[in-house]
>>> print(open('my_file.txt').read())   # compact mmCIF, C-alpha atoms
# COMPACT_ATOMS: atom_id res chain seq x y z
CA ILE N 23 -59.92 -103.34 138.92
CA LYS N 24 -59.98 -99.67 137.95
CA LEU N 25 -58.04 -100.43 134.81
CA GLN N 26 -60.47 -103.23 133.92
CA ARG N 27 -63.44 -100.93 134.47
CA THR N 28 -61.84 -98.25 132.35
CA VAL N 29 -61.07 -100.70 129.56
CA LYS N 30 -64.61 -102.16 129.68
CA ALA N 31 -66.12 -98.67 129.76
CA ASN N 32 -63.96 -97.68 126.78
CA GLN N 33 -64.99 -100.82 124.86
CA LEU N 34 -68.65 -100.21 125.69
CA CYS N 35 -68.33 -96.58 124.57
CA GLN N 36 -66.76 -97.63 121.27
CA LYS N 37 -69.49 -100.24 120.72
CA MET N 38 -72.20 -97.66 121.42
CA ARG N 39 -70.49 -95.21 119.04
CA ARG N 40 -70.41 -97.84 116.24
CA GLU N 41 -74.08 -98.60 116.81
CA TYR N 42 -74.89 -94.88 116.81
CA MET N 43 -72.97 -94.38 113.53
CA LYS N 44 -74.81 -97.36 111.95
CA PHE N 45 -78.14 -95.95 113.13
CA LYS N 46 -77.23 -92.48 111.86
CA GLN N 47 -76.19 -93.88 108.44
CA ALA N 48 -79.42 -95.89 108.22
CA THR N 49 -81.44 -92.77 109.11
CA VAL N 50 -79.66 -90.69 106.44
CA THR N 51 -80.23 -93.44 103.86
CA ILE N 52 -83.94 -93.65 104.69
CA GLN N 53 -84.34 -89.86 104.61
CA SER N 54 -82.49 -89.68 101.29
CA ALA N 55 -84.64 -92.41 99.78
CA PHE N 56 -87.83 -90.74 101.04
CA ARG N 57 -86.84 -87.33 99.70
CA GLY N 58 -85.91 -88.86 96.35
CA TRP N 59 -89.25 -90.67 96.17
CA ARG N 60 -91.12 -87.49 97.09
CA VAL N 61 -89.28 -85.44 94.42
CA ARG N 62 -89.83 -88.12 91.75
CA LYS N 63 -93.51 -88.26 92.65
CA SER N 64 -93.79 -84.44 92.48
CA VAL N 65 -92.00 -84.31 89.12
CA SER N 66 -94.23 -87.09 87.79
CA LEU N 67 -97.38 -85.24 88.88
CA GLN N 68 -96.10 -82.01 87.35
CA GLN N 69 -95.32 -83.76 84.07
CA LYS N 70 -98.78 -85.30 83.97
CA ALA N 71 -100.38 -81.94 84.72
CA ALA N 72 -98.28 -80.23 82.04
CA THR N 73 -99.21 -82.91 79.52
CA THR N 74 -102.90 -82.52 80.36
CA ILE N 75 -102.71 -78.72 80.06
CA GLN N 76 -100.84 -78.93 76.74
CA THR N 77 -103.30 -81.46 75.33
CA THR N 78 -106.29 -79.36 76.38
CA TRP N 79 -104.73 -76.16 74.97
CA ARG N 80 -103.84 -77.77 71.65
CA THR N 81 -107.35 -79.18 71.32
CA TYR N 82 -108.88 -75.79 72.08
CA MET N 83 -106.63 -73.99 69.59
CA ALA N 84 -107.33 -76.59 66.87
CA LYS N 85 -111.10 -76.24 67.37
CA LYS N 86 -110.86 -72.45 67.43
CA THR N 87 -108.78 -72.38 64.25
CA PHE N 88 -111.12 -74.78 62.51
CA LEU N 89 -114.23 -72.77 63.43
CA SER N 90 -112.53 -69.53 62.44
CA LEU N 91 -111.52 -70.94 59.06
CA LYS N 92 -114.98 -72.39 58.53
CA GLN N 93 -116.66 -69.05 59.30
CA ALA N 94 -114.20 -67.20 57.09
CA THR N 95 -114.87 -69.61 54.23
CA VAL N 96 -118.63 -69.26 54.55
CA LYS N 97 -118.41 -65.46 54.65
CA LEU N 98 -116.04 -65.36 51.69
CA GLN N 99 -118.29 -67.56 49.58
CA ALA N 100 -121.39 -65.53 50.47
CA ARG N 101 -119.67 -62.23 49.64
CA PHE N 102 -118.23 -63.60 46.40
CA ARG N 103 -121.64 -64.80 45.25
CA ALA N 104 -123.28 -61.54 46.31
CA ASN N 105 -120.94 -59.13 44.53
CA HIS N 106 -120.46 -58.79 40.85
CA LEU N 107 -116.90 -59.04 39.52
CA CYS N 108 -116.92 -55.43 38.38
CA GLN N 109 -117.88 -54.14 41.82
CA VAL N 110 -115.12 -56.19 43.42
CA GLN N 111 -112.54 -54.81 41.00
CA HIS N 112 -113.77 -51.24 41.49
CA HIS N 113 -113.67 -51.69 45.25
CA HIS N 114 -110.17 -53.12 45.00
CA TYR N 115 -109.05 -50.18 42.85
CA MET N 116 -110.45 -47.68 45.36
CA ASN N 117 -108.73 -49.44 48.22
CA LEU N 118 -105.41 -49.41 46.40
CA ARG N 119 -105.83 -45.74 45.53
CA GLN N 120 -106.61 -44.84 49.13
CA ALA N 121 -103.65 -46.90 50.36
CA ALA N 122 -101.33 -45.12 47.91
CA ILE N 123 -102.60 -41.71 49.03
CA SER N 124 -102.18 -42.65 52.69
CA LEU N 125 -98.69 -43.97 52.04
CA GLN N 126 -97.68 -40.83 50.14
CA SER N 127 -99.06 -38.67 52.93
CA ALA N 128 -97.19 -40.66 55.57
CA VAL N 129 -93.92 -40.47 53.62
CA ARG N 130 -94.30 -36.71 53.10
CA GLY N 131 -95.04 -36.22 56.78
CA TRP N 132 -92.05 -38.34 57.73
CA ASN N 133 -89.78 -36.36 55.39
CA ALA N 134 -91.07 -33.06 56.80
CA ARG N 135 -90.48 -34.25 60.37
CA LYS N 136 -87.02 -35.44 59.40
CA ARG N 137 -86.14 -32.05 57.87
CA LEU N 138 -87.55 -30.24 60.90
CA LYS N 139 -85.51 -32.45 63.21
CA GLN N 140 -82.34 -31.73 61.20
CA GLN N 141 -83.05 -28.01 61.24
CA THR N 142 -83.72 -28.12 64.97
CA ARG N 143 -80.43 -29.93 65.55
CA ALA N 144 -78.61 -27.37 63.42
CA ALA N 145 -80.22 -24.49 65.33
CA ILE N 146 -79.34 -26.10 68.65
CA THR N 147 -75.75 -26.60 67.50
CA ILE N 148 -75.46 -22.97 66.40
CA GLN N 149 -77.02 -21.71 69.64
CA SER N 150 -74.78 -23.94 71.71
CA THR N 151 -71.68 -22.77 69.84
CA TRP N 152 -72.70 -19.13 70.24
CA ARG N 153 -73.35 -19.57 73.94
CA VAL N 154 -69.98 -21.27 74.44
CA HIS N 155 -68.28 -18.46 72.53
CA PHE N 156 -70.11 -15.77 74.52
CA ALA N 157 -69.43 -17.53 77.83
CA ARG N 158 -65.76 -17.96 76.98
CA LYS N 159 -65.49 -14.31 75.92
CA THR N 160 -67.20 -13.19 79.15
CA PHE N 161 -64.99 -15.48 81.21
CA VAL N 162 -61.79 -14.17 79.59
CA SER N 163 -62.94 -10.58 80.08
CA MET N 164 -63.84 -11.17 83.73
CA ARG N 165 -60.58 -12.97 84.34
CA SER N 166 -58.61 -10.10 82.83
CA ILE N 167 -60.50 -7.56 84.94
CA THR N 168 -60.00 -9.70 88.06
CA ILE N 169 -56.28 -10.02 87.44
CA LYS N 170 -55.96 -6.25 86.95
CA LEU N 171 -57.96 -5.59 90.10
CA GLN N 172 -55.83 -8.06 92.07
CA ARG N 173 -52.65 -6.37 90.83
CA THR N 174 -53.99 -2.96 91.82
CA VAL N 175 -55.00 -4.18 95.29
CA LYS N 176 -51.66 -5.92 95.82
CA ALA N 177 -49.75 -2.82 94.64
CA ASN N 178 -51.85 -0.63 96.96
CA GLN N 179 -51.21 -2.98 99.91
CA LEU N 180 -47.49 -3.06 99.14
CA CYS N 181 -47.42 0.72 98.89
CA GLN N 182 -49.15 1.08 102.28
CA LYS N 183 -46.79 -1.45 103.84
CA MET N 184 -43.74 0.35 102.46
CA ARG N 185 -45.17 3.69 103.67
CA ARG N 186 -45.63 2.28 107.20
CA GLU N 187 -42.08 0.93 107.15
CA TYR N 188 -40.85 4.27 105.90
CA MET N 189 -42.74 6.10 108.67
CA LYS N 190 -41.27 3.71 111.28
CA PHE N 191 -37.83 4.23 109.81
CA LYS N 192 -38.32 8.01 109.77
CA GLN N 193 -39.59 8.00 113.37
CA ALA N 194 -36.63 5.87 114.42
CA THR N 195 -34.25 8.27 112.65
CA VAL N 196 -35.85 11.30 114.34
CA THR N 197 -35.64 9.56 117.70
CA ILE N 198 -31.97 8.72 117.18
CA GLN N 199 -31.14 12.26 116.06
CA SER N 200 -32.83 13.96 118.97
>>> encode(input="my_file.txt", output="structure tokens")
Amino acid sequence: IKLQRTVKANQLCQKMRREYMKFKQATVTIQSAFRGWRVRKSVSLQQKAATTIQTTWRTYMAKKTFLSLKQATVKLQARFRANHLCQVQHHHYMNLRQAAISLQSAVRGWNARKRLKQQTRAAITIQSTWRVHFARKTFVSMRSITIKLQRTVKANQLCQKMRREYMKFKQATVTIQS
């Protein structure tokens, strides 16, 4: 009886597991389909909105360009009719002359700044080289003085040490002799 109960319980458990797995798979399929539908709907709405924005923008720009060109044409015709050909040519000549003078001035200024920049670089290079030379010379001099001073101190310390040893040796000799 226990074995039968165990077998029936095991069969029931397996059946419930299969049903659970079917239910789980169905749930995942429904969720996947819903998410896909929601994304496709969102993309579709975004595309429609983008299309509407682009259409509106293009229309606005076309109208703006047209009105700008129309105004420019009207102004140009009015000015042309108002001015005599000689005045237009004189005005054009003066504009060209002023542009040439401005251009020459700009080029001269640019050349002057370029020369100044080169001279500044050269001065900086010379100063830098001189400072390196002076620093190196000072360093070598200080190193030489330091080495001499160290030798003197070491010689003095050695002399004092040898004198102490000599005094100990002398004292030991006097003690032995007396």
>>> atom_distance(input="my_file.txt", atom1="atom CA of Ser166 of chain N", atom2="atom CA of Ile148 of chain N")
26.8 Å
>>> atom_distance(input="my_file.txt", atom1="atom CA of Ile75 of chain N", atom2="atom CA of Lys63 of chain N")
18.3 Å
>>> atom_distance(input="my_file.txt", atom1="atom CA of Thr142 of chain N", atom2="atom CA of Arg158 of chain N")
23.9 Å
